[in-house]
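Raw protein_13.txt, compact mmCIF, N, CA and C atoms:
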```
# COMPACT_ATOMS: atom_id res chain seq x y z
N ALA A 994 0.82 -1.19 0.00
CA ALA A 994 0.00 0.00 0.00
C ALA A 994 0.86 1.26 0.00
N LYS A 995 2.02 1.20 0.60
CA LYS A 995 2.88 2.39 0.67
C LYS A 995 3.46 2.77 -0.68
N ARG A 996 3.54 1.81 -1.60
CA ARG A 996 4.08 2.10 -2.93
C ARG A 996 3.16 3.01 -3.74
N LEU A 997 1.88 3.02 -3.42
CA LEU A 997 0.91 3.79 -4.19
C LEU A 997 0.94 5.28 -3.86
N ILE A 998 1.41 5.65 -2.69
CA ILE A 998 1.35 7.03 -2.23
C ILE A 998 2.23 7.91 -3.12
N GLY A 999 1.64 9.02 -3.59
CA GLY A 999 2.36 9.99 -4.40
C GLY A 999 2.33 9.73 -5.89
N ASN A 1000 1.72 8.65 -6.33
CA ASN A 1000 1.65 8.32 -7.75
C ASN A 1000 0.28 8.67 -8.32
N LYS A 1001 0.22 8.79 -9.65
CA LYS A 1001 -1.05 9.06 -10.30
C LYS A 1001 -1.99 7.87 -10.13
N ALA A 1002 -3.25 8.18 -9.90
CA ALA A 1002 -4.23 7.13 -9.63
C ALA A 1002 -4.49 6.27 -10.87
N THR A 1003 -4.49 6.87 -12.05
CA THR A 1003 -4.76 6.10 -13.27
C THR A 1003 -3.63 5.12 -13.59
N SER A 1004 -2.40 5.50 -13.29
CA SER A 1004 -1.28 4.59 -13.55
C SER A 1004 -1.24 3.47 -12.51
N MET A 1005 -1.75 3.72 -11.32
CA MET A 1005 -1.75 2.70 -10.28
C MET A 1005 -2.77 1.60 -10.57
N ILE A 1006 -3.80 1.91 -11.35
CA ILE A 1006 -4.78 0.88 -11.72
C ILE A 1006 -4.10 -0.20 -12.57
N SER A 1007 -3.27 0.22 -13.52
CA SER A 1007 -2.59 -0.76 -14.37
C SER A 1007 -1.55 -1.56 -13.57
N VAL A 1008 -0.92 -0.92 -12.60
CA VAL A 1008 0.08 -1.62 -11.78
C VAL A 1008 -0.60 -2.67 -10.90
N LEU A 1009 -1.73 -2.30 -10.27
CA LEU A 1009 -2.40 -3.22 -9.37
C LEU A 1009 -3.08 -4.37 -10.11
N SER A 1010 -3.53 -4.12 -11.33
CA SER A 1010 -4.21 -5.18 -12.06
C SER A 1010 -3.25 -6.28 -12.52
N VAL A 1011 -1.97 -5.98 -12.63
CA VAL A 1011 -0.98 -6.97 -13.05
C VAL A 1011 -0.49 -7.83 -11.89
N GLN A 1012 -0.44 -7.26 -10.68
CA GLN A 1012 0.09 -7.98 -9.53
C GLN A 1012 -0.81 -9.13 -9.13
N LYS A 1013 -0.21 -10.22 -8.69
CA LYS A 1013 -0.96 -11.40 -8.31
C LYS A 1013 -0.96 -11.62 -6.80
N VAL A 1014 -0.92 -10.53 -6.05
CA VAL A 1014 -0.98 -10.60 -4.60
C VAL A 1014 -2.44 -10.41 -4.19
N LYS A 1015 -2.87 -11.07 -3.13
CA LYS A 1015 -4.27 -10.99 -2.71
C LYS A 1015 -4.66 -9.57 -2.34
N SER A 1016 -3.77 -8.84 -1.70
CA SER A 1016 -4.09 -7.48 -1.27
C SER A 1016 -4.23 -6.53 -2.45
N ALA A 1017 -3.60 -6.81 -3.57
CA ALA A 1017 -3.69 -5.93 -4.74
C ALA A 1017 -5.11 -5.89 -5.28
N PHE A 1018 -5.84 -7.00 -5.19
CA PHE A 1018 -7.22 -7.03 -5.65
C PHE A 1018 -8.09 -6.07 -4.85
N PHE A 1019 -7.92 -6.07 -3.53
CA PHE A 1019 -8.74 -5.21 -2.68
C PHE A 1019 -8.34 -3.74 -2.82
N LEU A 1020 -7.04 -3.47 -2.98
CA LEU A 1020 -6.61 -2.09 -3.20
C LEU A 1020 -7.11 -1.57 -4.55
N LEU A 1021 -7.13 -2.42 -5.56
CA LEU A 1021 -7.66 -2.04 -6.87
C LEU A 1021 -9.14 -1.73 -6.77
N LYS A 1022 -9.85 -2.51 -6.00
CA LYS A 1022 -11.29 -2.30 -5.82
C LYS A 1022 -11.57 -0.96 -5.14
N VAL A 1023 -10.80 -0.62 -4.12
CA VAL A 1023 -10.98 0.64 -3.41
C VAL A 1023 -10.58 1.82 -4.30
N LEU A 1024 -9.49 1.68 -5.05
CA LEU A 1024 -9.02 2.75 -5.92
C LEU A 1024 -10.01 3.03 -7.05
N SER A 1025 -10.54 1.98 -7.66
CA SER A 1025 -11.51 2.19 -8.74
C SER A 1025 -12.81 2.80 -8.21
N SER A 1026 -13.19 2.45 -7.01
CA SER A 1026 -14.37 3.06 -6.39
C SER A 1026 -14.14 4.54 -6.10
N ALA A 1027 -12.95 4.87 -5.61
CA ALA A 1027 -12.62 6.27 -5.33
C ALA A 1027 -12.57 7.09 -6.61
N LEU A 1028 -12.04 6.51 -7.69
CA LEU A 1028 -11.98 7.22 -8.97
C LEU A 1028 -13.37 7.44 -9.55
N SER A 1029 -14.24 6.45 -9.44
CA SER A 1029 -15.59 6.62 -9.96
C SER A 1029 -16.37 7.64 -9.15
N ASN A 1030 -16.12 7.72 -7.85
CA ASN A 1030 -16.76 8.76 -7.02
C ASN A 1030 -16.27 10.14 -7.42
N ALA A 1031 -14.98 10.27 -7.72
CA ALA A 1031 -14.43 11.56 -8.12
C ALA A 1031 -14.99 12.00 -9.47
N VAL A 1032 -15.13 11.05 -10.40
CA VAL A 1032 -15.67 11.38 -11.73
C VAL A 1032 -17.13 11.80 -11.62
N SER A 1033 -17.89 11.15 -10.75
CA SER A 1033 -19.29 11.53 -10.57
C SER A 1033 -19.43 12.89 -9.90
N ASN A 1034 -18.40 13.32 -9.18
CA ASN A 1034 -18.41 14.66 -8.57
C ASN A 1034 -17.84 15.73 -9.50
N GLY A 1035 -17.46 15.36 -10.72
CA GLY A 1035 -17.01 16.32 -11.71
C GLY A 1035 -15.52 16.57 -11.75
N ILE A 1036 -14.71 15.65 -11.24
CA ILE A 1036 -13.26 15.81 -11.23
C ILE A 1036 -12.68 14.85 -12.28
N GLU A 1037 -11.74 15.33 -13.09
CA GLU A 1037 -11.10 14.47 -14.09
C GLU A 1037 -10.15 13.50 -13.39
N LYS A 1038 -10.21 12.22 -13.80
CA LYS A 1038 -9.39 11.24 -13.11
C LYS A 1038 -7.92 11.30 -13.48
N GLU A 1039 -7.56 11.96 -14.59
CA GLU A 1039 -6.15 12.11 -14.95
C GLU A 1039 -5.43 13.09 -14.03
N LYS A 1040 -6.17 13.94 -13.33
CA LYS A 1040 -5.56 14.94 -12.45
C LYS A 1040 -5.48 14.50 -10.99
N LEU A 1041 -5.79 13.25 -10.71
CA LEU A 1041 -5.80 12.77 -9.33
C LEU A 1041 -4.56 11.94 -9.02
N TYR A 1042 -4.08 12.07 -7.80
CA TYR A 1042 -3.01 11.20 -7.32
C TYR A 1042 -3.35 10.73 -5.92
N VAL A 1043 -2.71 9.66 -5.50
CA VAL A 1043 -2.98 9.05 -4.20
C VAL A 1043 -2.24 9.83 -3.13
N GLN A 1044 -3.00 10.44 -2.23
CA GLN A 1044 -2.37 11.24 -1.17
C GLN A 1044 -1.96 10.37 0.01
N SER A 1045 -2.88 9.52 0.49
CA SER A 1045 -2.54 8.64 1.61
C SER A 1045 -3.42 7.40 1.60
N ILE A 1046 -2.90 6.35 2.19
CA ILE A 1046 -3.61 5.08 2.35
C ILE A 1046 -3.36 4.58 3.76
N SER A 1047 -4.42 4.09 4.38
CA SER A 1047 -4.24 3.45 5.68
C SER A 1047 -5.06 2.17 5.72
N VAL A 1048 -4.46 1.11 6.24
CA VAL A 1048 -5.12 -0.17 6.40
C VAL A 1048 -5.15 -0.44 7.90
N ASP A 1049 -6.36 -0.46 8.46
CA ASP A 1049 -6.53 -0.61 9.90
C ASP A 1049 -7.32 -1.88 10.22
N LYS A 1050 -7.28 -2.26 11.48
CA LYS A 1050 -8.07 -3.40 11.93
C LYS A 1050 -9.54 -3.00 11.99
N ALA A 1051 -10.39 -3.93 11.61
CA ALA A 1051 -11.83 -3.74 11.75
C ALA A 1051 -12.34 -4.75 12.77
N LYS A 1052 -13.65 -4.92 12.82
CA LYS A 1052 -14.19 -5.79 13.86
C LYS A 1052 -13.78 -7.24 13.65
N LEU A 1053 -13.79 -7.98 14.73
CA LEU A 1053 -13.38 -9.37 14.77
C LEU A 1053 -14.64 -10.21 14.96
N SER A 1054 -14.87 -11.16 14.08
CA SER A 1054 -16.03 -12.04 14.25
C SER A 1054 -15.54 -13.39 14.75
N LYS A 1055 -16.20 -13.89 15.77
CA LYS A 1055 -15.78 -15.15 16.39
C LYS A 1055 -16.73 -16.26 15.97
N ARG A 1056 -16.15 -17.40 15.64
CA ARG A 1056 -16.91 -18.58 15.27
C ARG A 1056 -16.50 -19.73 16.19
N VAL A 1057 -17.40 -20.70 16.32
CA VAL A 1057 -17.14 -21.84 17.20
C VAL A 1057 -16.83 -23.07 16.35
N PHE A 1058 -15.78 -23.79 16.72
CA PHE A 1058 -15.38 -25.02 16.05
C PHE A 1058 -15.47 -26.15 17.07
N PRO A 1059 -16.45 -27.06 16.92
CA PRO A 1059 -16.60 -28.12 17.92
C PRO A 1059 -15.46 -29.14 17.86
N ARG A 1060 -15.05 -29.59 19.03
CA ARG A 1060 -13.99 -30.59 19.17
C ARG A 1060 -14.54 -31.82 19.91
N SER A 1061 -13.70 -32.78 20.13
CA SER A 1061 -14.14 -33.99 20.80
C SER A 1061 -14.38 -33.76 22.29
N GLN A 1062 -15.18 -34.64 22.89
CA GLN A 1062 -15.50 -34.64 24.31
C GLN A 1062 -16.16 -33.34 24.76
N GLY A 1063 -16.93 -32.71 23.88
CA GLY A 1063 -17.70 -31.53 24.26
C GLY A 1063 -16.91 -30.24 24.37
N ARG A 1064 -15.67 -30.25 23.91
CA ARG A 1064 -14.86 -29.03 23.97
C ARG A 1064 -15.14 -28.16 22.75
N VAL A 1065 -14.65 -26.93 22.83
CA VAL A 1065 -14.87 -25.97 21.74
C VAL A 1065 -13.59 -25.20 21.49
N ASN A 1066 -13.24 -25.02 20.22
CA ASN A 1066 -12.17 -24.11 19.83
C ASN A 1066 -12.81 -22.92 19.15
N TYR A 1067 -12.22 -21.76 19.32
CA TYR A 1067 -12.75 -20.55 18.71
C TYR A 1067 -11.94 -20.17 17.47
N ILE A 1068 -12.65 -19.78 16.42
CA ILE A 1068 -12.02 -19.30 15.20
C ILE A 1068 -12.23 -17.80 15.15
N LYS A 1069 -11.14 -17.04 15.04
CA LYS A 1069 -11.24 -15.59 14.97
C LYS A 1069 -11.05 -15.16 13.52
N LYS A 1070 -12.12 -14.64 12.92
CA LYS A 1070 -12.05 -14.17 11.54
C LYS A 1070 -11.78 -12.67 11.57
N ARG A 1071 -10.60 -12.29 11.15
CA ARG A 1071 -10.17 -10.90 11.20
C ARG A 1071 -10.54 -10.19 9.90
N THR A 1072 -10.93 -8.93 10.03
CA THR A 1072 -11.23 -8.10 8.86
C THR A 1072 -10.39 -6.83 8.95
N SER A 1073 -10.35 -6.09 7.85
CA SER A 1073 -9.59 -4.85 7.84
C SER A 1073 -10.38 -3.76 7.13
N CYS A 1074 -9.99 -2.53 7.38
CA CYS A 1074 -10.65 -1.37 6.80
C CYS A 1074 -9.59 -0.58 6.02
N ILE A 1075 -9.84 -0.37 4.72
CA ILE A 1075 -8.90 0.36 3.87
C ILE A 1075 -9.44 1.76 3.62
N THR A 1076 -8.64 2.78 3.95
CA THR A 1076 -9.02 4.17 3.71
C THR A 1076 -8.02 4.78 2.74
N MET A 1077 -8.53 5.39 1.67
CA MET A 1077 -7.67 5.97 0.64
C MET A 1077 -8.13 7.38 0.33
N TYR A 1078 -7.18 8.31 0.30
CA TYR A 1078 -7.47 9.71 -0.02
C TYR A 1078 -6.81 10.07 -1.34
N LEU A 1079 -7.59 10.64 -2.25
CA LEU A 1079 -7.07 11.13 -3.52
C LEU A 1079 -7.09 12.65 -3.51
N GLU A 1080 -6.14 13.25 -4.21
CA GLU A 1080 -6.08 14.71 -4.27
C GLU A 1080 -5.75 15.16 -5.69
N LYS A 1081 -6.21 16.37 -6.03
CA LYS A 1081 -5.92 16.93 -7.34
C LYS A 1081 -4.47 17.37 -7.43
N ILE A 1082 -3.93 17.34 -8.63
CA ILE A 1082 -2.58 17.84 -8.85
C ILE A 1082 -2.64 19.36 -8.97
```

What does the file become when written as structure tokens?
Amino acid sequence: AKRLIGNKATSMISVLSVQKVKSAFFLLKVLSSALSNAVSNGIEKEKLYVQSISVDKAKLSKRVFPRSQGRVNYIKKRTSCITMYLEKI
């Protein structure tokens, strides 16, 4: 995520679409959503660059995994929250 900061948003779409890392898919999804929001607000997407990105912890959902003799193991499914700010050049 730190590689995207300071670069043009349109060029980062092509970079993220080529990478085969799991996180690149989610960053691409957030970036394309931010660009479409900017275009709907009347801003040209060629003039935008990535100002900052933060990936934070989100809520934790707990699941129960039954074991033998009536015991229980807990499965913690972690989620994250991606925040991205775009700015005009």

Nearest candidate to Leu997 in chain A (options A:Ser1029, A:Lys1081, A:Lys1015, A:Gln1044; using all atoms listed in the file):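 The closest residue to Leu997 in chain A is A:Gln1044.
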
Atomic distance atom N of Met1005 in chain A - atom N of Ser1073 in chain A, expressed in Å with one decimal: 23.2 Å

Within 12 Å of Ala994 in chain A using only C-alpha atoms, minus same-chain residues under 2 positions, as a list in words: Arg996, Leu997, Ile998, Gly999, Asn1000, Met1005, Val1008, Leu1009, Val1014, Ser1016, Ala1017, Phe1018, Phe1019, Leu1020, Leu1021, Val1023, Leu1024, Val1043, Gln1044, Ser1045, Ile1046, Ser1047, Val1048, Asp1049, Ile1075, Thr1076 and Met1077 of chain A

As a tab-separated table (two decimals) with N, CA and C atoms, in the coordinates of the input, please: every residue in chain A that DSSP puts in alpha helix (DSSP H).
```tsv
chain	number	residue	atom	x	y	z
A	1002	ALA	N	-3.25	8.18	-9.90
A	1002	ALA	CA	-4.23	7.13	-9.63
A	1002	ALA	C	-4.49	6.27	-10.87
A	1003	THR	N	-4.49	6.87	-12.05
A	1003	THR	CA	-4.76	6.10	-13.27
A	1003	THR	C	-3.63	5.12	-13.59
A	1004	SER	N	-2.40	5.50	-13.29
A	1004	SER	CA	-1.28	4.59	-13.55
A	1004	SER	C	-1.24	3.47	-12.51
A	1005	MET	N	-1.75	3.72	-11.32
A	1005	MET	CA	-1.75	2.70	-10.28
A	1005	MET	C	-2.77	1.60	-10.57
A	1006	ILE	N	-3.80	1.91	-11.35
A	1006	ILE	CA	-4.78	0.88	-11.72
A	1006	ILE	C	-4.10	-0.20	-12.57
A	1007	SER	N	-3.27	0.22	-13.52
A	1007	SER	CA	-2.59	-0.76	-14.37
A	1007	SER	C	-1.55	-1.56	-13.57
A	1008	VAL	N	-0.92	-0.92	-12.60
A	1008	VAL	CA	0.08	-1.62	-11.78
A	1008	VAL	C	-0.60	-2.67	-10.90
A	1009	LEU	N	-1.73	-2.30	-10.27
A	1009	LEU	CA	-2.40	-3.22	-9.37
A	1009	LEU	C	-3.08	-4.37	-10.11
A	1010	SER	N	-3.53	-4.12	-11.33
A	1010	SER	CA	-4.21	-5.18	-12.06
A	1010	SER	C	-3.25	-6.28	-12.52
A	1011	VAL	N	-1.97	-5.98	-12.63
A	1011	VAL	CA	-0.98	-6.97	-13.05
A	1011	VAL	C	-0.49	-7.83	-11.89
A	1015	LYS	N	-2.87	-11.07	-3.13
A	1015	LYS	CA	-4.27	-10.99	-2.71
A	1015	LYS	C	-4.66	-9.57	-2.34
A	1016	SER	N	-3.77	-8.84	-1.70
A	1016	SER	CA	-4.09	-7.48	-1.27
A	1016	SER	C	-4.23	-6.53	-2.45
A	1017	ALA	N	-3.60	-6.81	-3.57
A	1017	ALA	CA	-3.69	-5.93	-4.74
A	1017	ALA	C	-5.11	-5.89	-5.28
A	1018	PHE	N	-5.84	-7.00	-5.19
A	1018	PHE	CA	-7.22	-7.03	-5.65
A	1018	PHE	C	-8.09	-6.07	-4.85
A	1019	PHE	N	-7.92	-6.07	-3.53
A	1019	PHE	CA	-8.74	-5.21	-2.68
A	1019	PHE	C	-8.34	-3.74	-2.82
A	1020	LEU	N	-7.04	-3.47	-2.98
A	1020	LEU	CA	-6.61	-2.09	-3.20
A	1020	LEU	C	-7.11	-1.57	-4.55
A	1021	LEU	N	-7.13	-2.42	-5.56
A	1021	LEU	CA	-7.66	-2.04	-6.87
A	1021	LEU	C	-9.14	-1.73	-6.77
A	1022	LYS	N	-9.85	-2.51	-6.00
A	1022	LYS	CA	-11.29	-2.30	-5.82
A	1022	LYS	C	-11.57	-0.96	-5.14
A	1023	VAL	N	-10.80	-0.62	-4.12
A	1023	VAL	CA	-10.98	0.64	-3.41
A	1023	VAL	C	-10.58	1.82	-4.30
A	1024	LEU	N	-9.49	1.68	-5.05
A	1024	LEU	CA	-9.02	2.75	-5.92
A	1024	LEU	C	-10.01	3.03	-7.05
A	1025	SER	N	-10.54	1.98	-7.66
A	1025	SER	CA	-11.51	2.19	-8.74
A	1025	SER	C	-12.81	2.80	-8.21
A	1026	SER	N	-13.19	2.45	-7.01
A	1026	SER	CA	-14.37	3.06	-6.39
A	1026	SER	C	-14.14	4.54	-6.10
A	1027	ALA	N	-12.95	4.87	-5.61
A	1027	ALA	CA	-12.62	6.27	-5.33
A	1027	ALA	C	-12.57	7.09	-6.61
A	1028	LEU	N	-12.04	6.51	-7.69
A	1028	LEU	CA	-11.98	7.22	-8.97
A	1028	LEU	C	-13.37	7.44	-9.55
A	1029	SER	N	-14.24	6.45	-9.44
A	1029	SER	CA	-15.59	6.62	-9.96
A	1029	SER	C	-16.37	7.64	-9.15
A	1030	ASN	N	-16.12	7.72	-7.85
A	1030	ASN	CA	-16.76	8.76	-7.02
A	1030	ASN	C	-16.27	10.14	-7.42
A	1031	ALA	N	-14.98	10.27	-7.72
A	1031	ALA	CA	-14.43	11.56	-8.12
A	1031	ALA	C	-14.99	12.00	-9.47
A	1032	VAL	N	-15.13	11.05	-10.40
A	1032	VAL	CA	-15.67	11.38	-11.73
A	1032	VAL	C	-17.13	11.80	-11.62
A	1033	SER	N	-17.89	11.15	-10.75
A	1033	SER	CA	-19.29	11.53	-10.57
A	1033	SER	C	-19.43	12.89	-9.90
```

Box for range 1071-1074 of chain A - axis-aligned, 5 Å on each of the six sides, all listed atoms - centre and size in Å to one decimal, as JSON.
```
{"center_x": -10.4, "center_y": -6.4, "center_z": 8.6, "size_x": 11.6, "size_y": 21.7, "size_z": 15.2}
```

Place all heavy atoms on range 1030-1041 of chain A and deliver the coordinates as a compact mmCIF listing (two decimals), keeping the file's coordinate frame.
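Just written: part.txt:
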```
# COMPACT_ATOMS: atom_id res chain seq x y z
N ASN A 1030 -16.12 7.72 -7.85
CA ASN A 1030 -16.76 8.76 -7.02
C ASN A 1030 -16.27 10.14 -7.42
O ASN A 1030 -17.05 11.10 -7.47
CB ASN A 1030 -16.47 8.53 -5.54
CG ASN A 1030 -17.27 7.39 -4.97
OD1 ASN A 1030 -18.31 7.02 -5.51
ND2 ASN A 1030 -16.78 6.82 -3.90
N ALA A 1031 -14.98 10.27 -7.72
CA ALA A 1031 -14.43 11.56 -8.12
C ALA A 1031 -14.99 12.00 -9.47
O ALA A 1031 -15.30 13.17 -9.68
CB ALA A 1031 -12.91 11.49 -8.17
N VAL A 1032 -15.13 11.05 -10.40
CA VAL A 1032 -15.67 11.38 -11.73
C VAL A 1032 -17.13 11.80 -11.62
O VAL A 1032 -17.57 12.74 -12.28
CB VAL A 1032 -15.51 10.18 -12.69
CG1 VAL A 1032 -16.30 10.37 -13.96
CG2 VAL A 1032 -14.05 9.98 -13.01
N SER A 1033 -17.89 11.15 -10.75
CA SER A 1033 -19.29 11.53 -10.57
C SER A 1033 -19.43 12.89 -9.90
O SER A 1033 -20.46 13.55 -10.06
CB SER A 1033 -20.04 10.47 -9.76
OG SER A 1033 -19.58 10.46 -8.43
N ASN A 1034 -18.40 13.32 -9.18
CA ASN A 1034 -18.41 14.66 -8.57
C ASN A 1034 -17.84 15.73 -9.50
O ASN A 1034 -17.70 16.88 -9.10
CB ASN A 1034 -17.64 14.66 -7.25
CG ASN A 1034 -18.39 13.92 -6.17
OD1 ASN A 1034 -19.61 13.82 -6.20
ND2 ASN A 1034 -17.65 13.38 -5.22
N GLY A 1035 -17.46 15.36 -10.72
CA GLY A 1035 -17.01 16.32 -11.71
C GLY A 1035 -15.52 16.57 -11.75
O GLY A 1035 -15.07 17.59 -12.26
N ILE A 1036 -14.71 15.65 -11.24
CA ILE A 1036 -13.26 15.81 -11.23
C ILE A 1036 -12.68 14.85 -12.28
O ILE A 1036 -13.08 13.70 -12.36
CB ILE A 1036 -12.67 15.49 -9.85
CG1 ILE A 1036 -13.30 16.40 -8.79
CG2 ILE A 1036 -11.16 15.65 -9.85
CD1 ILE A 1036 -12.97 16.00 -7.38
N GLU A 1037 -11.74 15.33 -13.09
CA GLU A 1037 -11.10 14.47 -14.09
C GLU A 1037 -10.15 13.50 -13.39
O GLU A 1037 -9.36 13.89 -12.53
CB GLU A 1037 -10.32 15.30 -15.09
CG GLU A 1037 -11.16 16.24 -15.92
CD GLU A 1037 -10.33 17.08 -16.85
OE1 GLU A 1037 -9.17 16.69 -17.12
OE2 GLU A 1037 -10.82 18.13 -17.28
N LYS A 1038 -10.21 12.22 -13.80
CA LYS A 1038 -9.39 11.24 -13.11
C LYS A 1038 -7.92 11.30 -13.48
O LYS A 1038 -7.08 10.77 -12.77
CB LYS A 1038 -9.95 9.83 -13.28
CG LYS A 1038 -10.11 9.32 -14.66
CD LYS A 1038 -10.65 7.90 -14.58
CE LYS A 1038 -11.15 7.42 -15.91
NZ LYS A 1038 -11.61 6.04 -15.83
N GLU A 1039 -7.56 11.96 -14.59
CA GLU A 1039 -6.15 12.11 -14.95
C GLU A 1039 -5.43 13.09 -14.03
O GLU A 1039 -4.20 13.10 -13.96
CB GLU A 1039 -6.00 12.58 -16.39
CG GLU A 1039 -6.33 11.54 -17.44
CD GLU A 1039 -7.83 11.35 -17.64
OE1 GLU A 1039 -8.59 12.28 -17.30
OE2 GLU A 1039 -8.23 10.28 -18.11
N LYS A 1040 -6.17 13.94 -13.33
CA LYS A 1040 -5.56 14.94 -12.45
C LYS A 1040 -5.48 14.50 -10.99
O LYS A 1040 -5.08 15.27 -10.13
CB LYS A 1040 -6.37 16.24 -12.52
CG LYS A 1040 -6.31 16.91 -13.88
CD LYS A 1040 -7.04 18.22 -13.86
CE LYS A 1040 -6.95 18.90 -15.22
NZ LYS A 1040 -7.65 20.19 -15.23
N LEU A 1041 -5.79 13.25 -10.71
CA LEU A 1041 -5.80 12.77 -9.33
C LEU A 1041 -4.56 11.94 -9.02
O LEU A 1041 -4.06 11.21 -9.88
CB LEU A 1041 -7.04 11.93 -9.07
CG LEU A 1041 -8.37 12.67 -9.10
CD1 LEU A 1041 -9.51 11.67 -9.03
CD2 LEU A 1041 -8.47 13.65 -7.96
```
